[in-house]
$ cat protein.cif   # mmCIF, C-alpha atoms
data_query
loop_
_atom_site.label_atom_id
_atom_site.label_comp_id
_atom_site.auth_asym_id
_atom_site.auth_seq_id
_atom_site.Cartn_x
_atom_site.Cartn_y
_atom_site.Cartn_z
CA MET S 64 162.49 252.31 2.09
CA VAL S 65 160.23 254.95 3.61
CA GLU S 66 156.59 255.25 2.57
CA MET S 67 155.69 258.69 1.29
CA GLU S 68 152.59 260.43 -0.02
CA LEU S 69 151.96 263.20 -2.49
CA ARG S 70 151.60 266.42 -0.53
CA GLU S 71 151.16 268.87 -3.38
CA ILE S 72 151.49 269.55 -7.08
CA GLN S 73 152.69 272.99 -8.11
CA ILE S 74 151.79 273.85 -11.70
CA SER S 75 153.19 277.11 -13.00
CA HIS S 76 151.56 278.99 -15.83
CA ILE S 77 154.53 281.34 -16.27
CA SER S 78 157.46 279.00 -15.76
CA PRO S 79 158.48 275.73 -17.43
CA TYR S 80 159.13 274.26 -13.98
CA HIS S 81 156.48 272.23 -12.20
CA ILE S 82 156.94 270.50 -8.86
CA VAL S 83 155.53 267.59 -6.91
CA VAL S 84 156.25 267.44 -3.20
CA LEU S 85 156.47 264.09 -1.47
CA GLU S 86 156.02 263.91 2.31
CA GLU S 87 156.71 261.10 4.73
CA LYS S 88 153.51 259.19 5.42
CA GLY S 89 152.24 259.10 8.98
CA GLY S 90 153.56 262.47 10.01
CA GLY S 91 157.28 261.76 9.90
CA GLY S 92 157.76 265.35 8.84
CA ARG S 93 160.32 264.89 6.06
CA SER S 94 159.44 266.11 2.59
CA PHE S 95 161.16 267.10 -0.64
CA PRO S 96 160.33 268.48 -4.10
CA ILE S 97 160.85 266.86 -7.48
CA TYR S 98 160.84 269.01 -10.61
CA ILE S 99 158.70 267.44 -13.33
CA GLY S 100 157.56 268.22 -16.86
CA GLN S 101 154.35 269.94 -17.86
CA ASN S 102 152.69 266.77 -19.21
CA GLU S 103 153.47 264.79 -16.05
CA ALA S 104 152.27 267.66 -13.83
CA LYS S 105 148.95 267.80 -15.68
CA ALA S 106 148.62 264.00 -15.65
CA ALA S 107 149.29 263.89 -11.88
CA ASP S 108 146.78 266.67 -11.26
CA ASP S 109 144.18 264.91 -13.41
CA ALA S 110 144.79 261.63 -11.55
CA VAL S 111 144.44 263.27 -8.13
CA PHE S 112 141.15 264.90 -9.11
CA GLY S 113 139.81 261.85 -10.97
CA ARG S 114 139.72 263.48 -14.41
CA GLN S 115 139.89 260.99 -17.30
CA ALA S 116 140.87 261.62 -20.91
CA PHE S 117 138.44 260.57 -23.62
CA ARG S 118 140.98 257.98 -24.86
CA PRO S 119 143.82 256.31 -22.92
CA LEU S 120 146.93 258.43 -22.54
CA THR S 121 150.43 257.02 -21.95
CA HIS S 122 149.97 256.38 -18.22
CA ASP S 123 146.64 254.68 -18.90
CA LEU S 124 148.35 252.57 -21.56
CA ILE S 125 150.92 251.35 -19.03
CA ILE S 126 148.14 250.33 -16.64
CA ASN S 127 146.26 248.63 -19.49
CA VAL S 128 149.39 246.71 -20.57
CA LEU S 129 150.02 245.50 -17.01
CA THR S 130 146.38 244.48 -16.64
CA GLY S 131 146.39 242.75 -20.03
CA MET S 132 149.44 240.74 -18.98
CA ASN S 133 147.83 239.81 -15.64
CA ALA S 134 150.56 241.76 -13.87
CA GLU S 135 149.94 244.16 -11.00
CA LEU S 136 151.57 247.43 -10.04
CA GLU S 137 152.23 247.01 -6.31
CA GLY S 138 154.07 250.26 -5.65
CA ILE S 139 156.58 252.74 -6.94
CA MET S 140 159.87 253.92 -5.53
CA VAL S 141 162.40 256.70 -5.83
CA ASP S 142 165.58 254.75 -5.24
CA ALA S 143 168.47 256.99 -6.28
CA LEU S 144 169.69 260.52 -6.85
CA ALA S 145 172.55 260.88 -9.30
CA LYS S 146 173.84 264.16 -10.75
CA ASP S 147 170.78 266.01 -9.41
CA THR S 148 168.42 263.58 -11.17
CA PHE S 149 166.01 261.32 -9.30
CA HIS S 150 165.67 257.71 -10.46
CA GLY S 151 162.66 255.53 -9.86
CA LYS S 152 161.20 252.09 -10.31
CA LEU S 153 157.79 250.54 -10.82
CA LEU S 154 157.30 247.59 -8.47
CA VAL S 155 155.40 245.00 -10.50
CA ARG S 156 154.22 241.50 -9.64
CA THR S 157 153.84 239.20 -12.65
CA ASP S 158 151.08 236.64 -13.07
CA GLN S 159 153.61 233.98 -11.93
CA GLY S 160 154.18 235.89 -8.69
CA LYS S 161 157.64 237.17 -9.66
CA HIS S 162 158.52 240.67 -8.40
CA VAL S 163 160.07 242.90 -11.05
CA LYS S 164 161.52 246.41 -10.75
CA ILE S 165 161.06 248.45 -13.92
CA ASP S 166 163.15 251.58 -14.46
CA SER S 167 160.98 254.70 -14.57
CA ARG S 168 161.18 258.44 -14.22
CA PRO S 169 159.78 259.28 -10.78
CA SER S 170 157.31 261.71 -12.36
CA ASP S 171 155.72 258.95 -14.45
CA ALA S 172 155.78 256.54 -11.52
CA ILE S 173 154.03 259.09 -9.30
CA VAL S 174 151.29 259.57 -11.90
CA LEU S 175 150.78 255.79 -11.97
CA ALA S 176 150.64 255.72 -8.16
CA MET S 177 148.00 258.46 -8.17
CA LYS S 178 145.94 256.59 -10.78
CA THR S 179 146.12 253.21 -9.03
CA GLY S 180 146.44 254.09 -5.34
CA VAL S 181 149.64 252.06 -4.82
CA PRO S 182 152.18 253.16 -2.20
CA ILE S 183 155.12 255.46 -2.91
CA PHE S 184 158.48 254.55 -1.36
CA VAL S 185 161.71 256.53 -1.18
CA ALA S 186 165.12 255.15 -0.29
CA GLU S 187 166.39 256.35 3.09
CA GLU S 188 169.65 257.49 1.44
CA VAL S 189 167.70 259.72 -0.93
CA LEU S 190 165.66 261.19 1.93
CA GLU S 191 168.79 261.91 3.94
CA THR S 192 170.20 263.85 1.00
CA VAL S 193 167.19 265.89 -0.11
CA SER S 194 164.53 266.07 2.57
CA PHE S 195 163.76 268.85 4.97
CA ASP S 196 161.72 268.71 8.13
CA GLY S 197 158.43 270.60 8.28
CA ALA S 198 159.59 272.38 11.46
CA ASP S 199 162.55 273.81 9.56
CA GLU S 200 160.21 275.00 6.83
CA GLU S 201 158.09 276.92 9.35
CA LEU S 202 161.21 278.54 10.80
CA GLU S 203 162.33 279.67 7.35
CA ASP S 204 158.86 281.08 6.60
CA ASP S 205 158.94 283.03 9.89
CA GLU S 206 162.34 284.48 9.03
CA ASP S 207 160.96 285.77 5.71
CA ASP S 208 158.32 287.74 7.60
CA LEU S 209 160.93 289.75 9.55
#
$ encode --input "protein.cif" --output "structure tokens"
Amino acid sequence: MVEMELREIQISHISPYHIVVLEEKGGGGRSFPIYIGQNEAKAADDAVFGRQAFRPLTHDLIINVLTGMNAELEGIMVDALAKDTFHGKLLVRTDQGKHVKIDSRPSDAIVLAMKTGVPIFVAEEVLETVSFDGADEELEDDEDDL
């Protein structure tokens, strides 16, 4: 697993497609986009900028349930790519110290990571399939200017 961080959230006001970009933490250079829904894009943006809803929304509910059960979200991971769909997990430690992986859409997991500050991990196999190096991105941008 490779630790990543949220590099950007792209919210479109004219398209149904919204994107989060994850980038290798510590300057590894690899990054990749994940297409997400409008609600998750707004929730991620709100979490990054510290905006809270008047009442708990779904992501807040998940955090409240974990807290109420004395469980702790320790991280999230994107662990697979199948048929162009990313798969993720919540990494939870129970009050008995047991580590549990809970199936999750990566978009929801990323929102939870932004709200709680837990690390984001991506499987090396996923990165090898979808990532691009920042140096390649600069080269492509330069070619567009020609």
$ residues_around --input "protein.cif" --residues "Gly180 in chain S" --least-positions-apart "3" --cutoff "10 Å" --atoms "only C-alpha atoms" --output "PyMOL selection string"
chain S and resi 110-111+136-138+173-177+183
$ write_last_selection --input "protein.cif" --atoms "C-alpha atoms" --output "mmCIF file, in the frame of the given file"
data_model
loop_
_atom_site.group_PDB
_atom_site.id
_atom_site.type_symbol
_atom_site.label_atom_id
_atom_site.label_comp_id
_atom_site.auth_asym_id
_atom_site.auth_seq_id
_atom_site.Cartn_x
_atom_site.Cartn_y
_atom_site.Cartn_z
ATOM 1 C CA ALA S 110 144.790 261.630 -11.550
ATOM 2 C CA VAL S 111 144.440 263.270 -8.130
ATOM 3 C CA LEU S 136 151.570 247.430 -10.040
ATOM 4 C CA GLU S 137 152.230 247.010 -6.310
ATOM 5 C CA GLY S 138 154.070 250.260 -5.650
ATOM 6 C CA ILE S 173 154.030 259.090 -9.300
ATOM 7 C CA VAL S 174 151.290 259.570 -11.900
ATOM 8 C CA LEU S 175 150.780 255.790 -11.970
ATOM 9 C CA ALA S 176 150.640 255.720 -8.160
ATOM 10 C CA MET S 177 148.000 258.460 -8.170
ATOM 11 C CA ILE S 183 155.120 255.460 -2.910
#
$ closest_residue --input "protein.cif" --among "S:Val128, S:Met64, S:Val189, S:Ala107" --to "Lys88 in chain S" --atoms "all atoms listed in the file"
S:Met64
$ resolve_selection --input "protein.cif" --expression "the PyMOL selection byres ((chain S and resi 126) around 12)" --output "PyMOL selection string"
chain S and resi 119-125+127-137+153+155+171-172+174-179
$ atom_distance --input "protein.cif" --atom1 "CA of Pro96 in chain S" --atom2 "CA of Ile74 in chain S"
12.6 Å
$ atom_distance --input "protein.cif" --atom1 "CA of Val193 in chain S" --atom2 "CA of Phe95 in chain S"
6.2 Å
$ atom_distance --input "protein.cif" --atom1 "CA of Pro169 in chain S" --atom2 "CA of Arg118 in chain S"
23.5 Å
$ build_atoms --input "protein.cif" --residues "range 84-103 of chain S" --atoms "N, CA and C atoms" --output "mmCIF file, in the frame of the given file"
data_model
loop_
_atom_site.group_PDB
_atom_site.id
_atom_site.type_symbol
_atom_site.label_atom_id
_atom_site.label_comp_id
_atom_site.auth_asym_id
_atom_site.auth_seq_id
_atom_site.Cartn_x
_atom_site.Cartn_y
_atom_site.Cartn_z
ATOM 1 N N VAL S 84 155.611 267.541 -4.510
ATOM 2 C CA VAL S 84 156.250 267.440 -3.200
ATOM 3 C C VAL S 84 155.790 266.147 -2.555
ATOM 4 N N LEU S 85 156.760 265.321 -2.187
ATOM 5 C CA LEU S 85 156.470 264.090 -1.470
ATOM 6 C C LEU S 85 156.745 264.311 0.009
ATOM 7 N N GLU S 86 155.890 263.753 0.860
ATOM 8 C CA GLU S 86 156.020 263.910 2.310
ATOM 9 C C GLU S 86 155.919 262.544 2.969
ATOM 10 N N GLU S 87 156.697 262.364 4.000
ATOM 11 C CA GLU S 87 156.710 261.100 4.730
ATOM 12 C C GLU S 87 155.307 260.799 5.258
ATOM 13 N N LYS S 88 154.847 259.588 4.988
ATOM 14 C CA LYS S 88 153.510 259.190 5.420
ATOM 15 C C LYS S 88 153.490 258.975 6.931
ATOM 16 N N GLY S 89 152.387 259.318 7.551
ATOM 17 C CA GLY S 89 152.240 259.100 8.980
ATOM 18 C C GLY S 89 152.848 260.199 9.826
ATOM 19 N N GLY S 90 153.090 261.337 9.223
ATOM 20 C CA GLY S 90 153.560 262.470 10.010
ATOM 21 C C GLY S 90 155.023 262.464 10.375
ATOM 22 N N GLY S 91 155.849 261.765 9.613
ATOM 23 C CA GLY S 91 157.280 261.760 9.900
ATOM 24 C C GLY S 91 157.927 263.120 9.739
ATOM 25 N N GLY S 92 157.295 263.980 8.950
ATOM 26 C CA GLY S 92 157.760 265.350 8.840
ATOM 27 C C GLY S 92 158.703 265.622 7.678
ATOM 28 N N ARG S 93 159.374 264.615 7.140
ATOM 29 C CA ARG S 93 160.320 264.890 6.060
ATOM 30 C C ARG S 93 159.578 264.999 4.729
ATOM 31 N N SER S 94 160.020 265.931 3.915
ATOM 32 C CA SER S 94 159.440 266.110 2.590
ATOM 33 C C SER S 94 160.511 266.637 1.650
ATOM 34 N N PHE S 95 160.226 266.550 0.345
ATOM 35 C CA PHE S 95 161.160 267.100 -0.640
ATOM 36 C C PHE S 95 160.433 267.285 -1.970
ATOM 37 N N PRO S 96 160.930 268.231 -2.787
ATOM 38 C CA PRO S 96 160.330 268.480 -4.100
ATOM 39 C C PRO S 96 161.044 267.706 -5.201
ATOM 40 N N ILE S 97 160.288 267.411 -6.255
ATOM 41 C CA ILE S 97 160.850 266.860 -7.480
ATOM 42 C C ILE S 97 160.328 267.724 -8.623
ATOM 43 N N TYR S 98 161.239 268.249 -9.430
ATOM 44 C CA TYR S 98 160.840 269.010 -10.610
ATOM 45 C C TYR S 98 160.388 268.034 -11.679
ATOM 46 N N ILE S 99 159.244 268.337 -12.311
ATOM 47 C CA ILE S 99 158.700 267.440 -13.330
ATOM 48 C C ILE S 99 158.270 268.258 -14.543
ATOM 49 N N GLY S 100 157.995 267.569 -15.638
ATOM 50 C CA GLY S 100 157.560 268.220 -16.860
ATOM 51 C C GLY S 100 156.099 268.610 -16.824
ATOM 52 N N GLN S 101 155.721 269.435 -17.776
ATOM 53 C CA GLN S 101 154.350 269.940 -17.860
ATOM 54 C C GLN S 101 153.345 268.801 -18.051
ATOM 55 N N ASN S 102 153.644 267.866 -18.951
ATOM 56 C CA ASN S 102 152.690 266.770 -19.210
ATOM 57 C C ASN S 102 152.490 265.909 -17.973
ATOM 58 N N GLU S 103 153.577 265.621 -17.250
ATOM 59 C CA GLU S 103 153.470 264.790 -16.050
ATOM 60 C C GLU S 103 152.733 265.543 -14.940
#
